[in-house]
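Structure data (PDB, C-alpha atoms) from model.pdb:
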```pdb
ATOM      1  CA  MET A 619      54.306  15.229  -6.358
ATOM      2  CA  LYS A 620      53.230  14.377  -2.808
ATOM      3  CA  THR A 621      51.494  17.755  -2.504
ATOM      4  CA  PHE A 622      49.683  17.233  -5.805
ATOM      5  CA  GLY A 623      48.583  13.777  -4.696
ATOM      6  CA  LEU A 624      47.276  15.154  -1.402
ATOM      7  CA  ILE A 625      45.325  17.834  -3.267
ATOM      8  CA  LEU A 626      43.715  15.201  -5.511
ATOM      9  CA  LEU A 627      42.894  13.093  -2.465
ATOM     10  CA  LEU A 628      41.347  16.101  -0.731
ATOM     11  CA  ILE A 629      39.259  16.960  -3.801
ATOM     12  CA  ALA A 630      38.053  13.352  -4.062
ATOM     13  CA  LEU A 631      37.160  13.368  -0.366
ATOM     14  CA  ILE A 632      35.218  16.621  -0.721
ATOM     15  CA  LEU A 633      33.326  15.246  -3.736
ATOM     16  CA  LEU A 634      32.527  12.047  -1.848
ATOM     17  CA  ILE A 635      31.253  13.960   1.186
ATOM     18  CA  GLY A 636      29.241  16.221  -1.105
ATOM     19  CA  GLN A 637      27.744  13.227  -2.893
ATOM     20  CA  ILE A 638      26.757  11.570   0.390
ATOM     21  CA  PHE A 639      25.269  14.808   1.764
ATOM     22  CA  LEU A 640      23.311  15.673  -1.375
ATOM     23  CA  GLY A 641      22.178  12.078  -1.793
ATOM     24  CA  MET A 642      20.863  12.017   1.774
ATOM     25  CA  ARG A 643      19.011  15.301   1.222
ATOM     26  CA  PHE A 644      17.437  13.960  -1.976
ATOM     27  CA  ALA A 645      16.344  10.741  -0.250
ATOM     28  CA  ALA A 646      14.938  12.744   2.680
ATOM     29  CA  LYS A 647      12.944  14.876   0.248
ATOM     30  CA  VAL A 648      11.396  11.770  -1.331
ATOM     31  CA  HIS A 649      10.453  10.373   2.091
ATOM     32  CA  GLU A 650       9.012  13.675   3.301
ATOM     33  CA  LEU A 651       6.819  14.078   0.218
ATOM     34  CA  SER A 652       5.663  10.466   0.469
ATOM     35  CA  ASP A 653       4.737  10.963   4.122
ATOM     36  CA  GLN A 654       2.577  13.952   3.172
ATOM     37  CA  LEU A 655       0.490  11.688   0.938
ATOM     38  CA  ARG A 656       0.123   9.046   3.641
ATOM     39  CA  ARG A 657      -1.285  11.603   6.074
ATOM     40  CA  GLU A 658      -4.353  12.388   3.977
ATOM     41  CA  ALA A 659      -7.705  11.736   5.682
ATOM     42  CA  THR A 660     -10.070   8.997   4.580
ATOM     43  CA  GLY A 661     -12.726  10.134   2.109
ATOM     44  CA  LYS A 662     -16.286   8.956   1.604
ATOM     45  CA  ILE A 663     -17.135   6.781  -1.377
ATOM     46  CA  ARG A 664     -18.577   8.813  -4.244
ATOM     47  CA  THR A 665     -22.112   8.235  -5.474
ATOM     48  CA  ASP A 666     -21.958  10.590  -8.490
ATOM     49  CA  LEU A 667     -19.672   8.619 -10.802
ATOM     50  CA  PRO A 668     -20.746   7.644 -14.335
ATOM     51  CA  GLU A 669     -22.082   4.090 -14.260
ATOM     52  CA  ILE A 670     -19.263   2.679 -16.386
ATOM     53  CA  VAL A 671     -16.655   4.275 -14.093
ATOM     54  CA  ALA A 672     -18.308   3.080 -10.872
ATOM     55  CA  ALA A 673     -18.600  -0.443 -12.280
ATOM     56  CA  PHE A 674     -14.916  -0.459 -13.274
ATOM     57  CA  ALA A 675     -13.820   0.711  -9.820
ATOM     58  CA  GLN A 676     -16.021  -1.757  -7.964
ATOM     59  CA  LYS A 677     -14.692  -4.591 -10.138
ATOM     60  CA  GLY A 678     -11.180  -3.451  -9.258
ATOM     61  CA  MET A 679     -11.953  -3.482  -5.528
ATOM     62  CA  VAL A 680     -13.018  -7.176  -5.801
ATOM     63  CA  GLY A 681     -15.494  -6.856  -2.952
ATOM     64  CA  ASP A 682     -13.218  -5.002  -0.515
ATOM     65  CA  GLU A 683     -15.168  -2.100   1.023
ATOM     66  CA  HIS A 684     -12.129  -0.613   2.785
ATOM     67  CA  ILE A 685     -10.687   2.446   1.016
ATOM     68  CA  ARG A 686      -6.926   2.773   1.322
ATOM     69  CA  THR A 687      -5.894   6.361   1.890
ATOM     70  CA  SER A 688      -2.656   5.707   0.030
ATOM     71  CA  HIS A 689      -1.371   2.953  -2.175
ATOM     72  CA  CYS A 690       2.083   1.818  -3.249
ATOM     73  CA  VAL A 691       3.269   0.014  -6.375
ATOM     74  CA  SER A 692       6.657  -0.910  -7.744
ATOM     75  CA  GLN A 693       7.560  -0.608 -11.411
ATOM     76  CA  ASP A 694       9.957  -2.727 -13.446
ATOM     77  CA  VAL A 695      10.085  -0.790 -16.688
ATOM     78  CA  GLU A 696      12.046   0.523 -19.637
ATOM     79  CA  MET A 697      12.212   4.211 -20.496
ATOM     80  CA  ARG A 698      13.500   6.455 -23.228
ATOM     81  CA  LEU A 699      15.057   9.548 -21.672
ATOM     82  CA  SER A 700      14.727  11.524 -24.913
ATOM     83  CA  LYS A 701      13.095  11.089 -28.310
ATOM     84  CA  GLY A 702      14.810   8.417 -30.370
ATOM     85  CA  ALA A 703      16.994   7.230 -27.499
ATOM     86  CA  ASP A 704      17.493   3.581 -26.630
ATOM     87  CA  TRP A 705      15.285   1.920 -24.031
ATOM     88  CA  GLN A 706      16.891   1.864 -20.570
ATOM     89  CA  PRO A 707      15.867  -0.430 -17.679
ATOM     90  CA  ILE A 708      14.556   1.424 -14.631
ATOM     91  CA  THR A 709      13.120   0.331 -11.308
ATOM     92  CA  ALA A 710      10.729   2.628  -9.491
ATOM     93  CA  ARG A 711       8.496   2.927  -6.466
ATOM     94  CA  GLN A 712       5.333   5.019  -6.430
ATOM     95  CA  ILE A 713       3.161   6.247  -3.554
ATOM     96  CA  VAL A 714      -0.292   7.530  -4.527
ATOM     97  CA  SER A 715      -2.919   9.327  -2.472
ATOM     98  CA  THR A 716      -6.423   8.044  -3.097
ATOM     99  CA  THR A 717      -8.385  10.769  -1.282
ATOM    100  CA  GLU A 718      -6.447  13.797  -2.585
ATOM    101  CA  PRO A 719      -4.691  14.231  -5.957
ATOM    102  CA  GLY A 720      -1.065  13.328  -5.371
ATOM    103  CA  PHE A 721       1.779  10.900  -6.082
ATOM    104  CA  VAL A 722       5.514  10.506  -5.528
ATOM    105  CA  TRP A 723       7.464   8.444  -8.067
ATOM    106  CA  SER A 724      11.123   7.692  -7.282
ATOM    107  CA  ALA A 725      13.118   5.795  -9.900
ATOM    108  CA  THR A 726      16.644   4.470 -10.307
ATOM    109  CA  MET A 727      18.654   3.658 -13.415
ATOM    110  CA  ARG A 728      21.604   1.395 -12.606
ATOM    111  CA  LEU A 729      24.854   0.503 -14.310
ATOM    112  CA  GLY A 730      25.488  -2.876 -12.711
ATOM    113  CA  PRO A 731      25.126  -2.315  -8.950
ATOM    114  CA  VAL A 732      25.737   1.450  -9.226
ATOM    115  CA  PRO A 733      22.655   3.756  -9.162
ATOM    116  CA  VAL A 734      23.794   6.074 -11.951
ATOM    117  CA  VAL A 735      20.652   8.215 -12.258
ATOM    118  CA  ARG A 736      17.880   8.844  -9.761
ATOM    119  CA  VAL A 737      14.616  10.573 -10.626
ATOM    120  CA  LEU A 738      11.876  12.187  -8.557
ATOM    121  CA  ASP A 739       8.554  12.823 -10.287
ATOM    122  CA  ARG A 740       5.788  14.154  -8.059
ATOM    123  CA  PHE A 741       2.509  15.960  -7.649
ATOM    124  CA  VAL A 742       1.896  16.954  -4.030
ATOM    125  CA  GLN A 743      -0.512  19.624  -2.762
ATOM    126  CA  GLY A 744      -1.037  20.944  -6.284
ATOM    127  CA  VAL A 745       2.685  21.266  -7.090
ATOM    128  CA  GLY A 746       4.343  19.218  -9.826
ATOM    129  CA  GLU A 747       8.055  18.599 -10.189
ATOM    130  CA  LEU A 748      10.442  16.420 -12.177
ATOM    131  CA  GLU A 749      13.983  16.242 -10.822
ATOM    132  CA  VAL A 750      16.896  14.164 -12.167
ATOM    133  CA  ARG A 751      20.131  13.588 -10.259
ATOM    134  CA  LEU A 752      23.403  11.915 -11.187
ATOM    135  CA  LEU A 753      24.343   9.276  -8.607
ATOM    136  CA  GLY A 754      21.386  10.474  -6.570
ATOM    137  CA  ALA A 755      23.254  13.663  -5.711
ATOM    138  CA  TRP A 756      24.324  16.001  -8.497
ATOM    139  CA  PRO A 757      21.472  17.879 -10.264
ATOM    140  CA  MET A 758      21.052  17.075 -13.972
ATOM    141  CA  GLY A 759      17.684  18.710 -14.646
ATOM    142  CA  ARG A 760      14.544  20.005 -12.986
ATOM    143  CA  GLU A 761      11.120  21.010 -14.296
ATOM    144  CA  THR A 762       8.682  23.110 -12.284
ATOM    145  CA  GLY A 763       6.048  25.762 -12.959
ATOM    146  CA  ALA A 764       2.451  25.967 -14.089
ATOM    147  CA  GLU A 765       2.791  23.561 -17.030
ATOM    148  CA  ALA A 766       4.712  21.075 -14.894
ATOM    149  CA  ASP A 767       1.913  21.254 -12.306
ATOM    150  CA  ARG A 768      -0.697  20.562 -14.988
ATOM    151  CA  GLY A 769       1.382  17.810 -16.597
ATOM    152  CA  GLU A 770       1.844  15.964 -13.314
ATOM    153  CA  ALA A 771      -1.861  16.306 -12.532
ATOM    154  CA  MET A 772      -2.538  14.713 -15.929
ATOM    155  CA  ARG A 773      -0.250  11.856 -14.966
ATOM    156  CA  TYR A 774      -2.257  11.323 -11.762
ATOM    157  CA  LEU A 775      -5.471  11.176 -13.778
ATOM    158  CA  SER A 776      -4.022   8.829 -16.390
ATOM    159  CA  GLU A 777      -2.963   6.339 -13.712
ATOM    160  CA  LEU A 778      -6.376   6.072 -12.040
ATOM    161  CA  PRO A 779      -6.944   2.639 -13.683
ATOM    162  CA  TRP A 780      -4.220   1.348 -11.338
ATOM    163  CA  PHE A 781      -5.934   2.717  -8.235
ATOM    164  CA  PRO A 782      -9.684   1.993  -8.018
ATOM    165  CA  ASP A 783      -9.682   3.353  -4.444
ATOM    166  CA  ALA A 784      -8.853   6.810  -5.861
ATOM    167  CA  ILE A 785     -11.681   6.615  -8.393
ATOM    168  CA  LEU A 786     -14.142   5.939  -5.577
ATOM    169  CA  ALA A 787     -12.756   8.273  -2.897
ATOM    170  CA  ASN A 788     -11.214  11.336  -4.577
ATOM    171  CA  HIS A 789     -13.953  13.988  -4.695
ATOM    172  CA  GLN A 790     -11.747  16.613  -6.378
ATOM    173  CA  ILE A 791     -11.815  14.729  -9.687
ATOM    174  CA  ASN A 792     -14.479  15.607 -12.263
ATOM    175  CA  TRP A 793     -15.941  12.887 -14.478
ATOM    176  CA  GLN A 794     -17.907  13.285 -17.711
ATOM    177  CA  GLN A 795     -18.956  10.411 -19.963
ATOM    178  CA  ASP A 796     -18.746  11.335 -23.656
ATOM    179  CA  SER A 797     -19.903   8.046 -25.188
ATOM    180  CA  ASP A 798     -20.301   4.364 -24.385
ATOM    181  CA  ASP A 799     -16.538   3.854 -24.346
ATOM    182  CA  ARG A 800     -15.024   7.290 -23.570
ATOM    183  CA  VAL A 801     -14.956   9.177 -20.275
ATOM    184  CA  ASP A 802     -13.228  12.510 -19.619
ATOM    185  CA  VAL A 803     -11.590  12.944 -16.229
ATOM    186  CA  SER A 804     -10.329  16.356 -15.148
ATOM    187  CA  LEU A 805      -8.853  18.271 -12.253
ATOM    188  CA  PRO A 806      -8.433  22.032 -11.666
ATOM    189  CA  VAL A 807      -4.781  22.995 -11.209
ATOM    190  CA  GLY A 808      -3.718  26.564 -10.446
ATOM    191  CA  GLY A 809      -6.424  28.203 -12.532
ATOM    192  CA  LYS A 810      -5.963  25.729 -15.389
ATOM    193  CA  GLU A 811      -7.434  22.311 -16.075
ATOM    194  CA  ALA A 812      -5.729  18.946 -16.353
ATOM    195  CA  ARG A 813      -7.824  16.652 -18.558
ATOM    196  CA  VAL A 814      -7.430  13.069 -19.777
ATOM    197  CA  THR A 815      -9.791  10.831 -21.757
ATOM    198  CA  LEU A 816     -10.021   7.200 -20.625
ATOM    199  CA  LEU A 817     -11.005   4.559 -23.199
ATOM    200  CA  PHE A 818     -13.054   1.472 -22.251
ATOM    201  CA  ASN A 819     -13.458  -1.839 -24.078
ATOM    202  CA  ALA A 820     -16.656  -3.867 -24.439
ATOM    203  CA  GLU A 821     -15.970  -5.659 -21.131
ATOM    204  CA  GLY A 822     -15.857  -2.373 -19.227
ATOM    205  CA  ASP A 823     -12.089  -2.358 -18.678
ATOM    206  CA  ILE A 824      -9.973   0.741 -19.312
ATOM    207  CA  VAL A 825      -7.574  -0.077 -22.152
ATOM    208  CA  GLY A 826      -6.258   3.325 -23.224
ATOM    209  CA  MET A 827      -5.943   7.017 -22.521
ATOM    210  CA  GLN A 828      -5.341  10.139 -24.563
ATOM    211  CA  ALA A 829      -4.792  13.808 -23.838
ATOM    212  CA  SER A 830      -3.722  16.995 -25.567
ATOM    213  CA  ASN A 831      -1.087  19.623 -24.840
ATOM    214  CA  ARG A 832       1.032  17.972 -22.172
ATOM    215  CA  LEU A 833       4.471  19.378 -21.408
ATOM    216  CA  ALA A 834       7.245  17.364 -23.087
ATOM    217  CA  LYS A 835      10.537  17.803 -24.951
ATOM    218  CA  ASP A 836      10.718  17.921 -28.746
ATOM    219  CA  GLU A 837      13.318  16.373 -31.036
ATOM    220  CA  ASN A 838      15.791  19.116 -30.072
ATOM    221  CA  GLY A 839      15.174  18.836 -26.346
ATOM    222  CA  GLU A 840      13.139  22.027 -26.188
ATOM    223  CA  PRO A 841       9.934  22.303 -24.095
ATOM    224  CA  VAL A 842       6.783  21.770 -26.148
ATOM    225  CA  LEU A 843       3.152  20.786 -25.621
ATOM    226  CA  LEU A 844       2.347  17.460 -27.299
ATOM    227  CA  ASP A 845      -0.533  15.016 -27.573
ATOM    228  CA  TRP A 846      -0.161  12.148 -25.117
ATOM    229  CA  ARG A 847      -1.205   8.506 -25.509
ATOM    230  CA  GLY A 848      -1.210   5.390 -23.354
ATOM    231  CA  SER A 849      -2.419   1.798 -23.227
ATOM    232  CA  TYR A 850      -3.267  -0.588 -20.376
ATOM    233  CA  SER A 851      -3.288  -4.381 -20.569
ATOM    234  CA  ASN A 852      -2.982  -7.683 -18.734
ATOM    235  CA  TYR A 853      -5.545  -7.224 -15.966
ATOM    236  CA  ALA A 854      -4.610  -9.270 -12.900
ATOM    237  CA  MET A 855      -4.690  -9.195  -9.103
ATOM    238  CA  LEU A 856      -2.102  -6.912  -7.489
ATOM    239  CA  ASP A 857      -2.113  -6.377  -3.724
ATOM    240  CA  GLY A 858      -5.805  -7.099  -3.428
ATOM    241  CA  ARG A 859      -6.902  -5.084  -6.451
ATOM    242  CA  ARG A 860      -7.721  -6.073 -10.022
ATOM    243  CA  VAL A 861      -5.729  -3.678 -12.215
ATOM    244  CA  PRO A 862      -3.865  -3.567 -15.556
ATOM    245  CA  ILE A 863      -0.316  -4.513 -14.624
ATOM    246  CA  THR A 864       1.321  -3.765 -17.989
ATOM    247  CA  GLY A 865       1.182  -0.721 -20.233
ATOM    248  CA  GLU A 866       2.908   1.857 -22.382
ATOM    249  CA  VAL A 867       2.872   5.652 -22.583
ATOM    250  CA  GLY A 868       4.217   7.970 -25.264
ATOM    251  CA  TYR A 869       3.929  11.258 -27.145
ATOM    252  CA  VAL A 870       2.768  12.123 -30.644
ATOM    253  CA  TYR A 871       5.620  14.009 -32.321
ATOM    254  CA  SER A 872       5.660  15.686 -35.708
ATOM    255  CA  ASP A 873       6.672  12.357 -37.266
ATOM    256  CA  GLY A 874       4.236  10.207 -35.278
ATOM    257  CA  TYR A 875       3.826   8.392 -31.980
ATOM    258  CA  GLU A 876       6.798   7.194 -29.916
ATOM    259  CA  GLY A 877       6.593   5.472 -26.536
ATOM    260  CA  TYR A 878       8.846   6.544 -23.684
ATOM    261  CA  TRP A 879       7.588   4.292 -20.832
ATOM    262  CA  ARG A 880       6.670   0.632 -20.961
ATOM    263  CA  GLY A 881       6.654  -2.004 -18.295
ATOM    264  CA  ARG A 882       5.006  -3.874 -15.503
ATOM    265  CA  LEU A 883       3.641  -3.063 -12.056
ATOM    266  CA  GLY A 884       4.422  -5.066  -8.948
ATOM    267  CA  PRO A 885       3.702  -4.962  -5.215
ATOM    268  CA  CYS A 886       5.447  -2.624  -2.783
ATOM    269  CA  GLN A 887       6.641  -3.469   0.673
ATOM    270  CA  ASN A 888       5.546  -1.370   3.651
ATOM    271  CA  ARG A 889       2.239  -0.332   2.131
ATOM    272  CA  SER A 890       0.374   2.326   4.116
ATOM    273  CA  SER A 891      -3.410   2.057   4.399
TER     274      SER A 891
END
```

Translate this structure into structure tokens?
Amino acid sequence: MKTFGLILLLIALILLIGQIFLGMRFAAKVHELSDQLRREATGKIRTDLPEIVAAFAQKGMVGDEHIRTSHCVSQDVEMRLSKGADWQPITARQIVSTTEPGFVWSATMRLGPVPVVRVLDRFVQGVGELEVRLLGAWPMGRETGAEADRGEAMRYLSELPWFPDAILANHQINWQQDSDDRVDVSLPVGGKEARVTLLFNAEGDIVGMQASNRLAKDENGEPVLLDWRGSYSNYAMLDGRRVPITGEVGYVYSDGYEGYWRGRLGPCQNRSS
């Protein structure tokens, strides 16, 4: 019995060491990717934007002429991890490059004080990745490849309403106004194109987005390309910028629309400019 107990103790110790080691590697990966975004050079303000887009961005800057090369926000949100699942509370931190297309989103789902699930969602130097880890250590799932690259680029484009600096300073983004209240924004990614349509209200604020054929999971958990929808609301000041601090995003399935992300933005500590 003593030998069996020692074996169990040894196994538990090995698992604990493995969890600490893998968790440290995962955290180091998040920090390294975030640092890559912070190192981007300052870009010049664009003069070729559609008038409605330039006006929106300038209103968001609230008179500040300094372009931040990166920006950080926190997120206090609820997410569905699969279609039809219950909403789960998640806290997240996101670093975004404003002069080059790129973001790093690190999120934690807790059970009491225990970080049960940790997620890395990123688009850095043209590469997209979604990685989920149990207890921040043990791999649960990972998505990479051409469609993941395009999907993460679409996420960057869809979140431009939160970052007016990126609208003004990122010269890799293509803008095309379709009507008085619709503007297409696109980005070349690995020989393909990421494209999102931003929807404006009568006051010139962006209140919605839509896109087609974004990588998702269907009702059976299988990869599929679905239409994508989002809404932005509650414009307010956040870290010196006027942005929509609440919103929701979801997919259009065979039986209709279902949201998978909803919540509120907040300020980050240790912002890099």

Counting all atoms listed in the file, which residues sit no farther than 10 Å from the position (-20.9, 8.1, -11.0) in the file's frame? I'd like them as a list of chain:residue names.
A:Arg664, A:Thr665, A:Asp666, A:Leu667, A:Pro668, A:Glu669, A:Ile670, A:Val671, A:Ala672, A:Ala673, A:Ile785, A:Leu786, A:Asn792, A:Trp793, A:Gln794, A:Gln795

In Å, how far is it from CA of Phe674 (chain A) to CA of Ser724 (chain A)?
27.9 Å

Of the listed residues A:Glu718, A:Gly874, A:Arg832, A:Asn852, that which approaches Leu805 (chain A) most closely, counting all atoms listed in the file:
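Residue with the minimum atom-to-atom distance to Leu805 (chain A): A:Glu718.
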
In Å, how far is it from CA of His684 (chain A) to CA of Met827 (chain A)?
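Going from CA of His684 (chain A) over to CA of Met827 (chain A), I get 27.1 Å.
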
Quick one: residues within 7 Å of Trp723 (chain A), all atoms listed in the file, excluding same-chain residues fewer than 2 positions away - as a compact mmCIF listing (two decimals) with C-alpha atoms, in the frame of the given file?
```
# COMPACT_ATOMS: atom_id res chain seq x y z
CA ALA A 710 10.73 2.63 -9.49
CA ARG A 711 8.50 2.93 -6.47
CA GLN A 712 5.33 5.02 -6.43
CA ILE A 713 3.16 6.25 -3.55
CA PHE A 721 1.78 10.90 -6.08
CA ALA A 725 13.12 5.80 -9.90
CA LEU A 738 11.88 12.19 -8.56
CA ASP A 739 8.55 12.82 -10.29
CA ARG A 740 5.79 14.15 -8.06
```

Between A:Gln693, A:Ser700, A:Ser872, A:Ser688, which residue has the minimum interatomic distance to Phe781 (chain A), considering only C-alpha atoms?
A:Ser688

Would you mind telling me which residue in A:Asp857, A:Leu883, A:Tyr875, A:Met697 lies nearest to Asp682 (chain A) when using all atoms listed in the file?
A:Asp857

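Here the PyMOL selection byres ((chain A and resi 824) around 9) catches exactly these residues: Phe674, Pro779, Asp799, Leu816, Leu817, Phe818, Asn819, Glu821, Gly822, Asp823, Val825, Gly826, Met827, Ser849, Tyr850, Ser851 and Pro862 of chain A.
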
Picked residues, the PyMOL selection byres ((chain A and resi 707) around 8), as a list in words
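Going through the file, the PyMOL selection byres ((chain A and resi 707) around 8) ends up selecting Asp694, Val695, Glu696, Met697, Trp705, Gln706, Ile708, Thr709, Met727 and Arg728 of chain A.
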
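The shortest atom-to-atom distance to Trp780 (chain A), with all atoms listed in the file taken into account, belongs to A:Gly678 out of A:Gly868, A:Gly678, A:Gly808, A:Gly702.
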
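Between CA of Val722 (chain A) and CA of Ile863 (chain A) the interatomic distance comes to 18.5 Å.
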
Please list, as number ranges by chain, the residues that have an atom at most 6 Å away from (4.9, 21.4, -9.1) in the coordinates of this file, counting all atoms listed in the file.
A: 745-747, 762-763, 766-767

Which of these, A:Gly881, A:Leu699, A:Met855, A:Ala820, has the shortest distance to Gly839 (chain A) once you count all atoms listed in the file?
A:Leu699
